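Colleague: Data file run.txt (compact mmCIF, C-alpha atoms and all ligand atoms) is appended below.
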# COMPACT_ATOMS: atom_id res chain seq x y z
CA MET C 1 20.87 77.09 144.07
CA ARG C 2 23.31 78.40 146.66
CA VAL C 3 26.96 77.92 145.75
CA PHE C 4 30.19 78.73 147.55
CA LYS C 5 33.73 79.71 146.79
CA SER C 6 36.57 80.80 149.01
CA VAL C 7 39.48 83.20 148.92
CA TRP C 8 42.44 83.47 151.27
CA GLN C 9 45.31 85.74 152.26
CA HIS C 10 48.26 85.74 154.62
CA TYR C 11 48.06 87.68 157.86
CA THR C 12 50.19 88.07 160.95
CA PRO C 13 48.41 86.87 164.06
CA THR C 14 48.60 89.23 167.02
CA PRO C 15 49.17 87.60 170.45
CA GLU C 16 45.44 87.97 170.99
CA ILE C 17 44.60 86.03 167.84
CA ALA C 18 47.21 83.38 168.64
CA TRP C 19 45.58 83.04 172.07
CA LEU C 20 42.11 82.71 170.48
CA LEU C 21 43.33 80.01 168.09
CA GLU C 22 44.95 78.04 170.89
CA GLN C 23 41.84 78.32 173.08
CA PHE C 24 39.74 77.13 170.18
CA ARG C 25 42.04 74.17 169.59
CA GLN C 26 41.76 73.15 173.25
CA MET C 27 37.97 73.51 173.21
CA LEU C 28 37.79 71.41 170.08
CA ASN C 29 39.87 68.68 171.72
CA ASP C 30 37.69 68.83 174.84
CA CYS C 31 34.62 68.32 172.67
CA ILE C 32 36.27 65.45 170.81
CA ARG C 33 37.26 63.79 174.08
CA ILE C 34 33.71 64.09 175.44
CA GLY C 35 32.26 62.80 172.18
CA LEU C 36 34.60 59.81 172.14
CA ALA C 37 33.89 58.95 175.77
CA GLU C 38 30.13 59.15 175.28
CA ASN C 39 29.86 57.73 171.78
CA VAL C 40 28.25 60.88 170.47
CA THR C 41 27.25 61.19 166.81
CA SER C 42 24.81 64.09 166.67
CA LEU C 43 25.31 67.81 167.06
CA LYS C 44 22.42 68.01 169.47
CA SER C 45 23.68 65.42 171.91
CA LEU C 46 27.22 66.78 171.78
CA SER C 47 25.87 70.27 172.53
CA LEU C 48 23.98 68.91 175.53
CA LYS C 49 26.97 67.04 176.85
CA ALA C 50 29.76 69.48 176.04
CA TYR C 51 28.44 73.05 176.20
CA ARG C 52 28.44 73.36 179.96
CA GLN C 53 31.93 71.90 180.20
CA LEU C 54 33.20 74.73 178.01
CA SER C 55 32.13 77.35 180.56
CA GLY C 56 35.75 77.67 181.75
CA TYR C 57 36.73 79.24 178.43
CA ASP C 58 36.50 83.02 178.43
CA LEU C 59 35.36 83.27 174.81
CA ALA C 60 32.34 84.51 172.89
CA SER C 61 29.70 81.76 172.84
CA TYR C 62 29.81 81.78 169.02
CA HIS C 63 33.17 80.05 169.22
CA LYS C 64 31.90 77.42 171.63
CA LEU C 65 29.08 76.52 169.25
CA CYS C 66 31.52 76.36 166.36
CA ALA C 67 33.91 74.13 168.31
CA ILE C 68 31.04 71.75 169.10
CA SER C 69 29.92 71.74 165.49
CA ALA C 70 33.47 71.16 164.19
CA ALA C 71 33.95 68.34 166.71
CA THR C 72 30.71 66.71 165.55
CA GLY C 73 32.04 66.60 161.99
CA ILE C 74 35.37 65.16 163.12
CA LEU C 75 33.64 62.54 165.26
CA ARG C 76 31.33 61.49 162.43
CA ASN C 77 34.31 60.98 160.12
CA TYR C 78 36.04 59.06 162.84
CA TRP C 79 33.12 56.67 163.50
CA GLU C 80 32.75 56.16 159.77
CA ALA C 81 36.46 55.39 159.34
CA LYS C 82 36.45 53.12 162.37
CA ARG C 83 33.66 51.03 160.92
CA LYS C 84 35.97 50.17 158.01
CA ASN C 85 39.21 49.99 159.95
CA PRO C 86 39.01 49.31 163.72
CA CYS C 87 42.65 50.40 164.31
CA VAL C 88 42.17 53.95 163.03
CA ARG C 89 43.72 56.54 165.36
CA GLU C 90 41.51 58.63 167.60
CA PRO C 91 41.12 62.21 166.37
CA TYR C 92 43.04 65.02 168.03
CA ALA C 93 43.51 68.58 166.74
CA ARG C 94 47.22 69.46 166.72
CA ARG C 95 47.22 72.61 164.66
CA PRO C 96 45.34 75.72 165.64
CA ARG C 97 42.50 76.35 163.23
CA LEU C 98 39.26 78.18 163.78
CA THR C 99 36.22 78.18 161.52
CA THR C 100 33.18 80.25 162.31
CA CYS C 101 29.99 81.17 160.54
CA TYR C 102 28.60 83.41 163.27
CA GLY C 103 29.26 86.79 164.76
CA PHE C 104 31.83 88.16 162.32
CA LYS C 105 31.51 91.21 160.09
CA VAL C 106 33.27 92.30 156.94
CA ARG C 107 33.25 96.08 156.58
CA ASP C 108 35.52 98.83 155.25
CA GLY C 109 38.22 96.37 154.23
CA GLU C 110 38.30 94.77 157.65
CA LEU C 111 37.23 91.53 159.18
CA SER C 112 35.88 91.90 162.67
CA LEU C 113 35.61 88.78 164.77
CA PRO C 114 34.24 88.37 168.29
CA ILE C 115 36.73 87.18 170.86
CA HIS C 116 35.09 87.69 174.27
CA ALA C 117 31.43 88.41 174.88
CA ARG C 118 31.51 92.07 173.77
CA GLU C 119 34.98 92.41 172.37
CA HIS C 120 36.08 92.10 168.76
CA ILE C 121 39.39 91.69 167.03
CA ARG C 122 40.10 93.19 163.61
CA ILE C 123 42.15 91.94 160.69
CA SER C 124 42.57 94.06 157.57
CA LEU C 125 41.83 92.41 154.26
CA ASN C 126 44.10 92.85 151.26
CA GLN C 127 42.98 94.32 147.91
CA HIS C 128 42.62 90.95 146.21
CA VAL C 129 40.33 89.56 148.92
CA GLN C 130 38.27 92.73 149.05
CA ALA C 131 37.80 92.79 145.28
CA THR C 132 36.91 89.08 145.20
CA ILE C 133 34.18 89.22 147.84
CA ASN C 134 32.88 92.61 146.79
CA ASP C 135 29.58 91.48 145.22
CA PHE C 136 28.95 88.53 147.50
CA THR C 137 27.93 87.58 151.01
CA VAL C 138 30.66 86.13 153.20
CA ARG C 139 29.35 83.05 155.01
CA SER C 140 32.28 81.75 157.01
CA VAL C 141 35.76 82.61 158.21
CA THR C 142 38.66 80.21 158.73
CA LEU C 143 41.80 81.27 160.58
CA THR C 144 45.00 79.31 160.92
CA GLU C 145 48.29 80.61 162.28
CA GLY C 146 49.17 82.57 159.15
CA ARG C 147 46.17 82.39 156.86
CA LEU C 148 42.73 83.83 156.73
CA SER C 149 40.16 82.31 154.42
CA LEU C 150 36.66 83.59 153.63
CA ALA C 151 33.90 81.48 152.07
CA TYR C 152 31.43 83.53 150.06
CA GLU C 153 28.08 82.66 148.59
CA SER C 154 26.24 83.25 145.38
CA GLU C 155 23.01 82.15 143.73
CA ALA C 156 23.76 80.05 140.63
CA GLN C 157 21.36 79.50 137.79
CA GLN C 158 21.20 75.74 137.21
CA VAL C 159 22.28 74.95 133.64
CA GLN C 160 20.28 72.33 131.74
CA PRO C 161 23.19 70.38 130.26
CA ARG C 162 23.39 69.81 126.50
CA GLY C 163 25.87 67.01 127.07
CA PHE C 164 28.61 65.91 129.43
CA ILE C 165 32.32 65.64 129.86
CA GLY C 166 33.91 62.60 131.51
CA ILE C 167 37.08 63.24 133.49
CA ASP C 168 39.78 60.66 134.08
CA ARG C 169 42.59 61.65 136.40
CA ASN C 170 45.94 59.91 136.11
CA LEU C 171 49.30 60.36 137.69
CA ASP C 172 50.54 62.75 134.99
CA ASN C 173 47.44 64.10 133.30
CA VAL C 174 43.73 64.76 133.31
CA THR C 175 41.95 63.35 130.27
CA VAL C 176 38.59 64.84 129.35
CA ALA C 177 36.19 63.19 126.90
CA ALA C 178 33.11 65.11 125.79
CA THR C 179 29.72 64.22 124.34
CA ASP C 180 30.67 65.95 121.07
CA GLY C 181 33.47 63.39 120.60
CA THR C 182 36.38 65.65 121.48
CA VAL C 183 39.19 64.61 123.82
CA GLN C 184 41.44 66.97 125.72
CA ARG C 185 44.40 66.27 127.89
CA HIS C 186 45.82 68.52 130.59
CA ASP C 187 49.39 67.89 131.57
CA LEU C 188 50.01 67.45 135.30
CA SER C 189 53.58 66.19 135.20
CA GLU C 190 54.70 69.38 136.91
CA ALA C 191 52.56 68.43 139.90
CA THR C 192 54.13 64.99 139.95
CA ARG C 193 57.57 66.60 139.94
CA ALA C 194 56.60 68.87 142.82
CA LYS C 195 55.49 65.81 144.76
CA ALA C 196 58.68 63.92 143.91
CA MET C 197 60.78 66.87 145.04
CA TYR C 198 58.98 66.95 148.33
CA LEU C 199 59.51 63.24 148.84
CA GLY C 200 63.21 63.75 148.09
CA VAL C 201 63.41 66.38 150.80
CA ARG C 202 61.71 64.10 153.26
CA THR C 203 63.97 61.13 152.85
CA HIS C 204 66.93 63.23 154.08
CA PHE C 205 65.44 63.21 157.53
CA LYS C 206 66.13 59.73 158.76
CA ARG C 207 66.26 60.62 162.42
CA ASN C 208 64.00 58.49 164.42
CA ASP C 209 62.34 61.35 166.21
CA ALA C 210 58.68 61.33 165.31
CA ARG C 211 58.11 64.85 166.58
CA ILE C 212 60.86 66.42 164.47
CA ARG C 213 59.79 64.41 161.45
CA ARG C 214 56.25 65.60 161.86
CA GLU C 215 57.25 69.25 162.02
CA ILE C 216 59.44 68.97 158.98
CA SER C 217 56.89 67.13 156.96
CA GLY C 218 54.31 69.69 158.04
CA LYS C 219 56.33 72.66 156.83
CA TYR C 220 57.50 71.13 153.56
CA GLY C 221 54.16 69.44 153.17
CA GLN C 222 52.39 72.80 153.18
CA LYS C 223 54.71 74.26 150.53
CA GLN C 224 54.36 71.22 148.37
CA ARG C 225 50.58 71.16 148.71
CA ASP C 226 50.42 74.85 147.75
CA LYS C 227 52.51 74.17 144.65
CA VAL C 228 50.39 71.20 143.61
CA LYS C 229 47.17 73.10 144.34
CA GLN C 230 48.29 75.91 142.08
CA ILE C 231 48.99 73.51 139.22
CA LEU C 232 45.64 71.81 139.74
CA HIS C 233 43.91 75.20 139.71
CA HIS C 234 45.11 75.80 136.15
CA ALA C 235 43.80 72.42 135.04
CA SER C 236 40.45 72.64 136.86
CA LYS C 237 39.87 76.18 135.64
CA SER C 238 40.32 75.27 132.00
CA VAL C 239 38.25 72.07 132.35
CA VAL C 240 35.34 74.03 133.82
CA ARG C 241 35.68 76.91 131.34
CA GLU C 242 35.45 74.44 128.47
CA ALA C 243 32.42 72.70 130.01
CA LYS C 244 30.73 76.04 130.58
CA SER C 245 31.25 77.21 127.01
CA LYS C 246 29.53 74.05 125.73
CA GLN C 247 27.00 73.95 128.57
CA TYR C 248 28.09 70.44 129.49
CA GLY C 249 27.66 68.74 132.85
CA ILE C 250 30.61 67.03 134.53
CA THR C 251 31.13 63.35 135.34
CA MET C 252 33.91 62.10 137.56
CA GLU C 253 34.86 58.86 139.26
CA LYS C 254 33.87 58.37 142.85
CA LEU C 255 37.16 58.05 144.72
CA THR C 256 37.42 54.70 146.43
CA GLY C 257 40.50 55.34 148.51
CA ILE C 258 43.92 54.07 147.82
CA ARG C 259 42.92 51.01 145.80
CA LYS C 260 42.44 53.04 142.67
CA LEU C 261 46.07 54.06 142.76
CA TYR C 262 47.26 50.48 142.99
CA ARG C 263 44.98 49.46 140.19
CA ARG C 264 46.69 51.93 137.94
CA GLY C 265 50.03 50.37 138.75
CA ASN C 266 51.39 53.75 139.76
CA TRP C 267 53.41 54.68 142.81
CA GLN C 268 53.27 51.26 144.34
CA GLY C 269 55.79 52.45 146.90
CA ARG C 270 55.41 53.68 150.38
CA TRP C 271 52.22 54.39 152.19
CA TYR C 272 52.64 58.16 152.32
CA ARG C 273 53.22 58.38 148.59
CA GLY C 274 49.81 56.84 148.16
CA ARG C 275 48.44 59.35 150.63
CA MET C 276 50.00 62.27 148.79
CA ASN C 277 48.57 61.04 145.58
CA SER C 278 45.08 60.36 146.77
CA TRP C 279 45.12 63.81 148.35
CA SER C 280 45.86 65.41 144.98
CA TYR C 281 43.20 63.31 143.24
CA ALA C 282 40.63 64.46 145.76
CA GLU C 283 41.87 68.06 145.55
CA LEU C 284 41.41 68.17 141.78
CA GLN C 285 37.86 66.84 142.09
CA ARG C 286 37.10 69.30 144.85
CA GLN C 287 38.29 72.20 142.68
CA ILE C 288 36.42 71.06 139.59
CA GLU C 289 33.26 70.48 141.61
CA TYR C 290 33.08 73.86 143.31
CA LYS C 291 34.03 75.75 140.15
CA ALA C 292 31.41 73.85 138.16
CA ARG C 293 28.70 74.38 140.78
CA TRP C 294 29.55 78.05 140.83
CA GLU C 295 28.70 78.12 137.11
CA GLY C 296 25.51 76.10 137.69
CA LEU C 297 26.85 73.03 135.87
CA PRO C 298 25.68 69.66 137.25
CA VAL C 299 28.36 67.36 138.67
CA ILE C 300 27.85 63.59 138.83
CA TYR C 301 30.02 60.89 140.39
CA VAL C 302 30.02 57.38 139.00
CA HIS C 303 31.46 54.15 140.33
CA PRO C 304 34.91 53.41 138.92
CA HIS C 305 34.06 49.77 138.34
CA GLY C 306 35.57 48.66 135.03
CA THR C 307 36.25 52.18 133.73
CA SER C 308 39.89 51.41 133.02
CA SER C 309 39.55 47.82 131.86
CA ARG C 310 36.35 47.66 129.79
CA CYS C 311 35.98 48.63 126.15
CA SER C 312 34.17 51.96 125.82
CA ILE C 313 32.54 50.74 122.58
CA CYS C 314 31.28 47.26 123.41
CA GLY C 315 31.97 46.79 127.13
CA GLN C 316 34.25 43.74 126.82
CA LYS C 317 37.42 43.34 128.85
CA MET C 318 40.38 44.89 127.02
CA LYS C 319 44.00 43.77 126.72
CA PRO C 320 46.89 46.13 127.40
CA GLU C 321 49.23 46.88 124.50
CA GLU C 322 52.31 49.07 124.15
CA ASN C 323 52.37 52.81 124.82
CA ARG C 324 49.52 52.87 127.28
CA THR C 325 47.02 51.61 124.74
CA LEU C 326 44.35 48.96 125.06
CA ARG C 327 42.95 46.58 122.45
CA CYS C 328 39.49 45.09 122.56
CA PRO C 329 39.57 41.41 121.49
CA SER C 330 35.87 41.54 120.78
CA CYS C 331 35.44 44.58 118.52
CA GLY C 332 39.06 45.34 117.63
CA TYR C 333 38.98 48.85 119.04
CA VAL C 334 42.47 50.17 119.89
CA VAL C 335 42.54 53.18 122.17
CA ASP C 336 44.71 55.12 124.58
CA ARG C 337 43.83 53.78 128.02
CA ASP C 338 43.21 57.24 129.56
CA VAL C 339 40.90 58.19 126.71
CA ASN C 340 39.06 54.87 127.08
CA ALA C 341 38.60 55.49 130.81
CA ALA C 342 37.37 59.05 130.25
CA ARG C 343 34.89 57.71 127.65
CA ASN C 344 33.59 55.11 130.09
CA ILE C 345 33.16 57.71 132.81
CA LEU C 346 31.36 59.97 130.35
CA ALA C 347 29.05 57.15 129.28
CA ALA C 348 28.23 56.17 132.86
CA GLY C 349 27.39 59.76 133.77
CA THR C 350 25.35 60.35 130.64
CA LEU C 351 23.32 57.20 131.25
CA ARG C 352 22.77 58.11 134.86
CA PHE C 353 21.47 61.51 133.87
CA GLY C 354 19.06 59.89 131.46
CA VAL C 355 20.25 61.54 128.25
CA VAL C 356 20.56 58.12 126.65
CA GLY C 357 20.68 59.23 123.03
CA LEU C 358 23.80 61.27 123.55
CA THR C 359 26.12 58.37 124.34
CA SER C 360 25.44 56.29 121.27
CA GLU C 361 25.59 59.34 119.01
CA ALA C 362 28.98 60.27 120.37
CA MET C 363 30.26 56.75 120.00
CA VAL C 364 29.47 56.41 116.33
CA ALA C 365 31.89 59.19 115.56
CA GLU C 366 34.41 57.94 118.06
CA PRO C 367 36.99 55.40 116.91
CA ALA C 368 38.83 57.29 114.17
CA SER C 369 38.94 60.63 115.94
CA VAL C 370 39.98 59.13 119.25
CA ARG C 371 42.67 56.97 117.71
CA GLN C 372 43.93 60.06 115.97
CA SER C 373 43.95 62.26 119.03
CA ALA C 374 45.49 59.53 121.17
CA LYS C 375 48.25 59.09 118.64
CA SER C 376 48.99 62.80 118.44
CA MET C 377 49.00 63.07 122.21
CA ARG C 378 51.46 60.22 122.54
CA GLY C 379 53.66 61.84 119.95
CA SER C 380 53.84 65.12 121.82
ZN ZN C 401 35.11 46.43 122.16
Could you render the structure as structure tokens?
Ligand SMILES: [Zn+2]
Modeller:
Amino acid sequence: MRVFKSVWQHYTPTPEIAWLLEQFRQMLNDCIRIGLAENVTSLKSLSLKAYRQLSGYDLASYHKLCAISAATGILRNYWEAKRKNPCVREPYARRPRLTTCYGFKVRDGELSLPIHAREHIRISLNQHVQATINDFTVRSVTLTEGRLSLAYESEAQQVQPRGFIGIDRNLDNVTVAATDGTVQRHDLSEATRAKAMYLGVRTHFKRNDARIRREISGKYGQKQRDKVKQILHHASKSVVREAKSKQYGITMEKLTGIRKLYRRGNWQGRWYRGRMNSWSYAELQRQIEYKARWEGLPVIYVHPHGTSSRCSICGQKMKPEENRTLRCPSCGYVVDRDVNAARNILAAGTLRFGVVGLTSEAMVAEPASVRQSAKSMRGS
């Protein structure tokens, strides 16, 4: 199975690179405009309609193909979003960003990228990037104004899972329940603080100038996202390391947009808070998924229906009690609500994978140990 990872570094764009990025941005917007006007959904029809119109750009044809392909992806997302919400804004690329999978070379610590038909630009790669990609094949390059990112490929041996872990993400933690009955919790309150700090910075800018606000939120937004990403990397790394050591597959909830956040009763505030939050939920899943695939561990998504409200022993609706616990009126089970959710996610994934015996085995040993671990976690 082919799997991918990526690594990035800072770089200083020369005027030539800045020009390339800006040209690419304009091409991308041309393609989007054509696609919108002609209701295009497929790469083939967008190529037919747009390629000739890009002839005015003095760029290597690789970049034209990549702009068309990127526009196709953007258009597909747009049509999909529009089906659910007819007022969704039409796509338009504001920031320069170029992704290409053709024509580049990585050699002698340098990335060489075509710019015009027979002309290349070079960017030197730092030690960390060189060491990271050393044994692998680089498949794509992404450039933004100050960052260069390389996606590299490997062949992973698919692991036949001996069990699963179920992952429940909350505002302040990730709770992981495993087939062997163990529960682990990774603290994410630092990420929440980073988000809160960012929101604090933003509220100082009350000026009613949308353009200024956008720039500010962009700059601080990037810093804040980097900080949160870094915190999530620690959590996702240790989740996947644990799963790998036990040879367990991974089960997560399918994200269903912003509703999940309301359901939890968290951050009921402003729209962008919800956006921030759902971004970090998705980011954690993205990290766990690519790290797990890299190790050959299967990753399954299950529907979140009832995971936080149903008893993980008997399936009845539970009642909330103090200290984030739930009580089941039917079987009397009292459990930390995050642990209960992680158990339900684990059970759904295990059933889906067809390892039916595993769930019931794990559940026999469950109540005492879970109650214990939930209690000790609350105490900490
Ligand atoms: Zn019950």
Colleague: Write out, as a tab-separated table, each residue of chain C that has an atom at most 9 Å from ligand ZN 401 (chain C), together with the closest pair of atoms and their distance in Å to one decimal, counting all atoms listed in the file, rows going by chain and rising number.
Modeller:
residue	atom	partner	partner_atom	distance
C:Arg310	CA	C:ZN401	ZN	7.8
C:Cys311	CA	C:ZN401	ZN	4.6
C:Ser312	CA	C:ZN401	ZN	6.7
C:Ile313	CA	C:ZN401	ZN	5.0
C:Cys314	CA	C:ZN401	ZN	4.1
C:Gly315	CA	C:ZN401	ZN	5.9
C:Gln316	CA	C:ZN401	ZN	5.4
C:Lys317	CA	C:ZN401	ZN	7.7
C:Met318	CA	C:ZN401	ZN	7.3
C:Arg327	CA	C:ZN401	ZN	7.8
C:Cys328	CA	C:ZN401	ZN	4.6
C:Pro329	CA	C:ZN401	ZN	6.7
C:Ser330	CA	C:ZN401	ZN	5.1
C:Cys331	CA	C:ZN401	ZN	4.1
C:Gly332	CA	C:ZN401	ZN	6.1
C:Tyr333	CA	C:ZN401	ZN	5.5
C:Val334	CA	C:ZN401	ZN	8.6
Colleague: When distances are computed from only C-alpha atoms, which of C:Leu188, C:Val299, C:Val141, C:Ala156 shows the smallest separation from Leu111 (chain C)?
Modeller: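 Among the listed residues, the smallest separation from Leu111 (chain C) belongs to C:Val141.
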Colleague: Which distance in Å separates CA of Gln26 (chain C) and CA of His10 (chain C), to one decimal?
Modeller: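 For CA of Gln26 (chain C) relative to CA of His10 (chain C), the distance reads 23.4 Å.
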Colleague: If you count only C-alpha atoms, which residues fall within 9 Å of Pro304 (chain C), apart from same-chain ones fewer than 2 positions away, as a count of residues only?
Modeller: 11
Colleague: Write out as a CSV table (one decimal) with C-alpha atoms, in the frame of the given file each polymer residue whose atoms come within 12 Å of Ala37 (chain C), counting all atoms listed in the file; drop sequence neighbours fewer than 5 positions from it.
Modeller:
chain,number,residue,atom,x,y,z
C,30,ASP,CA,37.7,68.8,174.8
C,31,CYS,CA,34.6,68.3,172.7
C,32,ILE,CA,36.3,65.4,170.8
C,46,LEU,CA,27.2,66.8,171.8
C,49,LYS,CA,27.0,67.0,176.8
C,50,ALA,CA,29.8,69.5,176.0
C,75,LEU,CA,33.6,62.5,165.3
C,90,GLU,CA,41.5,58.6,167.6
Colleague: Write out as a list in words each polymer residue whose atoms come within 8 Å of region 63-65 of chain C, counting only C-alpha atoms; drop sequence neighbours fewer than 2 positions from it.
Modeller: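 Residues near the query, excluding close chain neighbours: Phe24, Met27, Ser47, Tyr51, Leu54, Leu59, Ala60, Ser61, Ala67, Ile68, Ser69 and Thr100 of chain C.
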Colleague: For a test of reading the model, state the distance in Å between CA of Ala341 (chain C) and CA of Glu295 (chain C), rounded to one decimal.
Modeller: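 Interatomic distance, CA of Ala341 (chain C) to CA of Glu295 (chain C): 25.5 Å.
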Colleague: Please work out which residues fall within 8 Å of (31.2, 62.7, 132.6), coordinates as given in the file, with all atoms listed in the file counting, and return them as a list in words.
Modeller: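 Residues found, by chain and rising number: Phe164, Ile165, Gly166, Ile167, Ala177, Ala178, Gly249, Ile250, Thr251, Met252, Ile300, Ala342, Arg343, Ile345, Leu346, Ala347, Ala348, Gly349 and Thr350 of chain C.
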Colleague: Excluding Leu326 (chain C) and any residue of its chain fewer than 4 positions from it, enumerate the residues within 7 Å of it, using only C-alpha atoms, and give them as a list in words.
Modeller: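 Once the nearby chain positions are removed, what remains is Met318, Lys319, Pro320, Glu321, Val334, Val335, Asp336 and Arg337 of chain C.
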Colleague: Pick out the residues sitting within 9 Å of region 126-139 of chain C, and hand them over as a VMD selection string; count all atoms listed in the file, and ignore anything fewer than 3 positions along from it in its own chain.
Modeller: chain C and resid 4 6 to 10 100 to 102 105 to 106 109 to 110 150 to 154
Colleague: What is the CA of Asp338 (chain C) to CA of Val176 (chain C) distance in Å?
Modeller: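 Taking CA of Asp338 (chain C) and CA of Val176 (chain C), their separation equals 8.9 Å.
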Colleague: Choose the residue, out of C:Val174, C:Leu143, C:Ala282, C:Ile123, that has the smallest atom-to-atom separation from Leu20 (chain C); count all atoms listed in the file.
Modeller: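 For Leu20 (chain C), the nearest of the given residues is C:Leu143.
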